[in-house]
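Student: Contents of input35.cif (mmCIF, C-alpha atoms and all ligand atoms) are below:
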data_work
loop_
_atom_site.label_atom_id
_atom_site.label_comp_id
_atom_site.auth_asym_id
_atom_site.auth_seq_id
_atom_site.Cartn_x
_atom_site.Cartn_y
_atom_site.Cartn_z
CA MET A 181 -56.84 -192.05 -36.25
CA ASP A 182 -57.53 -194.11 -33.12
CA LYS A 183 -58.97 -192.64 -29.95
CA ASP A 184 -55.61 -192.31 -28.18
CA SER A 185 -54.03 -190.38 -31.04
CA GLN A 186 -57.13 -188.13 -31.24
CA SER A 187 -56.86 -187.27 -27.57
CA SER A 188 -53.12 -186.53 -27.74
CA VAL A 189 -53.72 -184.21 -30.72
CA SER A 190 -56.38 -182.31 -28.80
CA GLU A 191 -54.10 -182.18 -25.70
CA ALA A 192 -51.34 -180.70 -27.84
CA LYS A 193 -53.79 -178.13 -29.25
CA GLU A 194 -54.88 -177.24 -25.72
CA LYS A 195 -51.23 -176.89 -24.66
CA ASN A 196 -50.58 -174.54 -27.59
CA LYS A 197 -53.60 -172.49 -26.60
CA THR A 198 -52.31 -172.26 -23.01
CA LEU A 199 -48.87 -171.27 -24.22
CA THR A 200 -50.36 -168.60 -26.45
CA ARG A 201 -52.43 -167.24 -23.57
CA ARG A 202 -49.31 -167.19 -21.37
CA GLN A 203 -47.31 -165.43 -24.03
CA PHE A 204 -50.09 -162.93 -24.47
CA LEU A 205 -50.28 -162.23 -20.74
CA SER A 206 -46.51 -161.98 -20.48
CA ARG A 207 -46.37 -159.49 -23.34
CA ALA A 208 -49.22 -157.51 -21.84
CA TRP A 209 -47.32 -157.27 -18.54
CA TRP A 210 -44.15 -156.16 -20.29
CA ALA A 211 -46.08 -153.56 -22.26
CA ALA A 212 -47.77 -152.22 -19.12
CA GLY A 213 -44.43 -152.16 -17.30
CA GLY A 214 -42.81 -150.39 -20.23
CA LEU A 215 -45.53 -147.74 -20.25
CA LEU A 216 -45.06 -147.15 -16.52
CA VAL A 217 -41.31 -146.72 -16.96
CA ILE A 218 -41.81 -144.28 -19.87
CA GLU A 219 -44.36 -142.31 -17.86
CA ALA A 220 -42.12 -142.18 -14.77
CA THR A 221 -39.09 -141.17 -16.85
CA GLY A 222 -41.10 -138.47 -18.65
CA GLY A 223 -42.35 -137.10 -15.32
CA PHE A 224 -38.83 -137.07 -13.90
CA ILE A 225 -37.41 -135.26 -16.94
CA ALA A 226 -40.30 -132.75 -16.89
CA SER A 227 -39.63 -132.07 -13.20
CA LEU A 228 -36.05 -131.05 -14.08
CA TRP A 229 -37.45 -128.15 -16.10
CA PRO A 230 -40.21 -126.73 -13.91
CA ARG A 231 -42.62 -124.43 -15.67
CA LEU A 232 -42.23 -120.87 -14.56
CA LYS A 233 -45.31 -118.72 -14.12
CA PRO A 234 -45.21 -115.61 -16.29
CA GLY A 235 -44.02 -112.70 -14.20
CA SER A 236 -42.35 -114.88 -11.56
CA PHE A 237 -38.65 -114.92 -10.68
CA GLY A 238 -36.72 -116.47 -13.56
CA THR A 239 -38.90 -114.89 -16.25
CA LYS A 240 -39.23 -111.48 -17.89
CA VAL A 241 -41.12 -109.18 -15.54
CA LYS A 242 -43.05 -106.08 -16.59
CA VAL A 243 -42.42 -103.46 -13.93
CA ALA A 244 -43.96 -100.23 -15.19
CA SER A 245 -44.93 -98.25 -18.25
CA ILE A 246 -42.27 -95.93 -19.66
CA GLU A 247 -44.22 -92.94 -18.34
CA GLU A 248 -44.48 -94.40 -14.84
CA ALA A 249 -40.77 -95.21 -14.79
CA ARG A 250 -39.78 -91.72 -15.94
CA ALA A 251 -41.94 -90.24 -13.20
CA MET A 252 -39.89 -91.99 -10.48
CA PRO A 253 -37.70 -89.43 -8.68
CA VAL A 254 -33.94 -90.00 -8.75
CA GLY A 255 -32.93 -91.95 -5.65
CA THR A 256 -36.15 -94.04 -5.58
CA MET A 257 -35.74 -97.72 -4.73
CA ALA A 258 -38.71 -99.93 -5.73
CA TYR A 259 -38.76 -103.46 -4.34
CA PHE A 260 -40.23 -106.46 -6.21
CA PRO A 261 -40.04 -109.16 -3.50
CA GLU A 262 -41.58 -112.03 -5.46
CA GLN A 263 -39.26 -111.35 -8.37
CA ARG A 264 -36.31 -110.84 -5.99
CA PHE A 265 -34.96 -107.55 -7.25
CA TYR A 266 -34.90 -103.82 -6.63
CA LEU A 267 -35.42 -101.24 -9.33
CA SER A 268 -33.05 -98.41 -8.55
CA ARG A 269 -33.62 -95.01 -10.12
CA VAL A 270 -30.29 -93.29 -10.66
CA GLU A 271 -29.58 -90.04 -12.53
CA SER A 272 -29.00 -91.55 -15.95
CA GLY A 273 -31.66 -94.30 -15.79
CA PHE A 274 -32.35 -97.58 -14.02
CA LEU A 275 -30.59 -100.56 -12.51
CA ALA A 276 -32.33 -103.82 -11.61
CA LEU A 277 -30.38 -105.11 -8.60
CA TYR A 278 -30.58 -108.77 -7.54
CA ARG A 279 -31.33 -108.89 -3.80
CA LYS A 280 -28.93 -111.80 -3.20
CA CYS A 281 -25.82 -110.77 -1.30
CA THR A 282 -22.63 -111.43 -3.25
CA HIS A 283 -20.92 -112.64 -0.06
CA LEU A 284 -22.86 -115.73 1.01
CA GLY A 285 -26.23 -115.21 -0.64
CA CYS A 286 -28.39 -113.68 2.12
CA VAL A 287 -31.36 -111.55 1.12
CA VAL A 288 -30.23 -107.94 1.36
CA PRO A 289 -32.86 -105.50 2.63
CA TRP A 290 -33.08 -101.86 1.59
CA LEU A 291 -33.06 -99.67 4.68
CA ALA A 292 -34.63 -96.38 3.67
CA ASP A 293 -33.76 -94.65 6.96
CA ASP A 294 -30.10 -95.66 7.06
CA PRO A 295 -27.59 -92.98 6.02
CA SER A 296 -26.99 -92.85 2.29
CA GLU A 297 -23.73 -94.12 0.77
CA ASP A 298 -24.24 -92.22 -2.50
CA ASP A 299 -25.05 -88.63 -3.39
CA LEU A 300 -28.48 -89.29 -4.94
CA ALA A 301 -30.38 -88.90 -1.65
CA ASP A 302 -29.71 -88.17 2.01
CA SER A 303 -30.77 -91.60 3.27
CA GLY A 304 -31.13 -95.20 2.16
CA ARG A 305 -28.70 -98.05 1.63
CA PHE A 306 -28.57 -101.86 1.53
CA ASN A 307 -27.41 -103.41 4.76
CA CYS A 308 -26.92 -107.17 4.72
CA PRO A 309 -28.06 -108.68 8.06
CA CYS A 310 -25.69 -111.65 7.83
CA HIS A 311 -22.24 -110.06 8.01
CA GLY A 312 -22.90 -106.34 7.64
CA GLY A 313 -22.23 -105.86 3.92
CA ILE A 314 -23.21 -102.32 2.91
CA PHE A 315 -24.19 -101.37 -0.64
CA ASP A 316 -25.39 -98.11 -2.20
CA ARG A 317 -28.09 -97.39 -4.82
CA PHE A 318 -25.78 -98.61 -7.57
CA GLY A 319 -25.22 -101.88 -5.73
CA ILE A 320 -21.61 -100.88 -5.03
CA VAL A 321 -20.01 -102.32 -1.88
CA HIS A 322 -18.98 -99.76 0.74
CA SER A 323 -18.01 -102.04 3.61
CA GLY A 324 -18.15 -105.60 4.85
CA PRO A 325 -17.06 -108.85 3.22
CA PRO A 326 -19.02 -108.88 -0.11
CA PRO A 327 -16.36 -109.27 -2.81
CA ARG A 328 -18.25 -107.47 -5.59
CA PRO A 329 -21.30 -105.29 -6.29
CA LEU A 330 -24.82 -106.70 -6.28
CA ASP A 331 -25.60 -108.59 -9.48
CA ILE A 332 -27.94 -106.95 -11.97
CA PHE A 333 -30.60 -108.08 -14.44
CA PRO A 334 -30.97 -106.70 -17.98
CA ILE A 335 -33.67 -104.06 -18.48
CA SER A 336 -35.42 -103.53 -21.81
CA ILE A 337 -38.46 -101.76 -23.25
CA GLU A 338 -41.08 -104.02 -24.79
CA GLY A 339 -44.38 -102.67 -26.09
CA GLY A 340 -44.09 -99.48 -24.07
CA GLU A 341 -43.34 -101.38 -20.84
CA VAL A 342 -40.15 -101.54 -18.80
CA VAL A 343 -39.18 -105.22 -18.60
CA VAL A 344 -36.61 -106.85 -16.30
CA ASP A 345 -35.24 -110.24 -17.33
CA THR A 346 -34.84 -112.07 -14.00
CA GLY A 347 -33.68 -115.19 -15.85
CA THR A 348 -30.36 -113.54 -16.74
CA VAL A 349 -28.05 -112.70 -13.85
CA ILE A 350 -25.18 -110.37 -14.71
CA GLU A 351 -22.19 -110.47 -12.36
CA ARG A 352 -19.92 -107.44 -12.26
CA THR A 353 -16.68 -106.55 -10.57
CA SER A 354 -17.32 -102.79 -10.48
CA PHE A 355 -19.86 -100.22 -11.56
CA ASP A 356 -19.79 -98.39 -14.87
CA GLU A 357 -22.40 -96.28 -16.63
CA SER A 358 -22.98 -98.89 -19.36
CA GLN A 359 -24.84 -100.96 -16.74
CA VAL A 360 -27.54 -98.27 -16.44
CA THR A 361 -30.55 -98.49 -18.76
CA GLU A 362 -31.77 -95.13 -19.99
CA ILE A 363 -35.52 -94.83 -20.33
S1 LIG B 401 -24.03 -112.74 3.25
FE1 LIG B 401 -24.17 -110.59 3.10
S2 LIG B 401 -22.43 -109.88 4.10
FE2 LIG B 401 -22.29 -112.03 4.27
#
Take the structure in this file and express it as structure tokens.
Tutor:
Amino acid sequence: MDKDSQSSVSEAKEKNKTLTRRQFLSRAWWAAGGLLVIEATGGFIASLWPRLKPGSFGTKVKVASIEEARAMPVGTMAYFPEQRFYLSRVESGFLALYRKCTHLGCVVPWLADDPSEDDLADSGRFNCPCHGGIFDRFGIVHSGPPPRPLDIFPISIEGGEVVVDTGTVIERTSFDESQVTEI
């Protein structure tokens, strides 16, 4: 092999090396880019299902022991603001009332000094500040524009505790005794 051919062979080898290095770099960039896309997509998907803290709204909430619940006098209204519901003690048991007005969704306060709309106590009713919707201890509408009673959450007993499932909203068109949980 003469000198010229030797040098062209080594140039070709060098070119191949350069090409290989380029290919390597290109693949590395694609791989890094791919990882970034996967990570970003995973983060986005995870953000669609936010983790709920135990005991927060949207989860099962322990509210009292069975003994504590039974000791609540009829007519008592206990408010759980972070979990967005009221525990209403009625004659036959308990109702967990969602505080969201069934008209346009305002937070409905319990006004303990307002006149009562039911016969369980002399005073106390829900009075929605937005358009004057009035509800009693059962969540039943007495006046104003709300089209149906306050929604309720299921109540169960788990390990001796009264538990309200704030992840399950039950809409109702009227009140009936089957909605009350006996404890
Ligand atoms: S939002 Fe409650 S009465 Fe309108």
Student: Fewer than 5 positions away in the same chain doesn't count, so skip those; otherwise give me all residues within 12 Å of Arg305 (chain A), counting all atoms listed in the file, as a VMD selection string.
Tutor: chain A and resid 255 to 257 266 268 288 to 300 312 to 323
Student: Taking into account all atoms listed in the file, which residue in the set A:Gln203, A:Val254, A:Arg279, A:Ser245 is nearest to Glu341 (chain A)?
Tutor: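 Using all atoms listed in the file, Glu341 (chain A) sits closest to A:Ser245.
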Student: So which residues are near ligand LIG 401 (chain B), meaning at most 10 Å away with all atoms listed in the file counted, given back as an NGL selection string?
Tutor: :A and (280-288 or 306-315 or 321 or 323-327)
Student: Using all atoms listed in the file, can you tell me which of A:Met252, A:Val243, A:Leu205, A:Leu267 comes closest to Gly340 (chain A)?
Tutor: A:Val243
Student: For Ala251 (chain A), which residue out of A:Ile335, A:Leu330, A:Ile363, A:Ile350 is the nearest one, using only C-alpha atoms?
Tutor: A:Ile363
Student: Could you tell me how far CA of Val342 (chain A) lies from CA of Leu277 (chain A), in Å and to one decimal?
Tutor: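 CA of Leu277 (chain A) lies at a distance of 14.6 Å from CA of Val342 (chain A).
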Student: In Å, how far is it from CA of Arg250 (chain A) to CA of Glu351 (chain A)?
Tutor: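 Result for CA of Arg250 (chain A) versus CA of Glu351 (chain A): 26.0 Å, one decimal.
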Student: Looking at only C-alpha atoms, which of A:Ala244, A:Ala276, A:Leu232, A:Ala208 is the one that sits closest to Thr361 (chain A)?
Tutor: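 Looking only at the distances to Thr361 (chain A), the closest residue turns out to be A:Ala276.
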Student: Hey, can you check how far CA of Glu362 (chain A) sits from CA of Gly273 (chain A)?
Tutor: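 That distance, rounded to one decimal, is 4.3 Å.
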Student: I'd like to know which of A:Pro329, A:Pro334, A:Pro253, A:Gly304 is closest to Val241 (chain A), using only C-alpha atoms.
Tutor: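 Smallest separation from Val241 (chain A) among the options: A:Pro334.
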Student: For Phe260 (chain A), which of A:Val344, A:Ile337, A:Val360, A:Val349 is the closest residue, counting only C-alpha atoms?
Tutor: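 Once distances to Phe260 (chain A) are computed over only C-alpha atoms, the minimum belongs to A:Val344.
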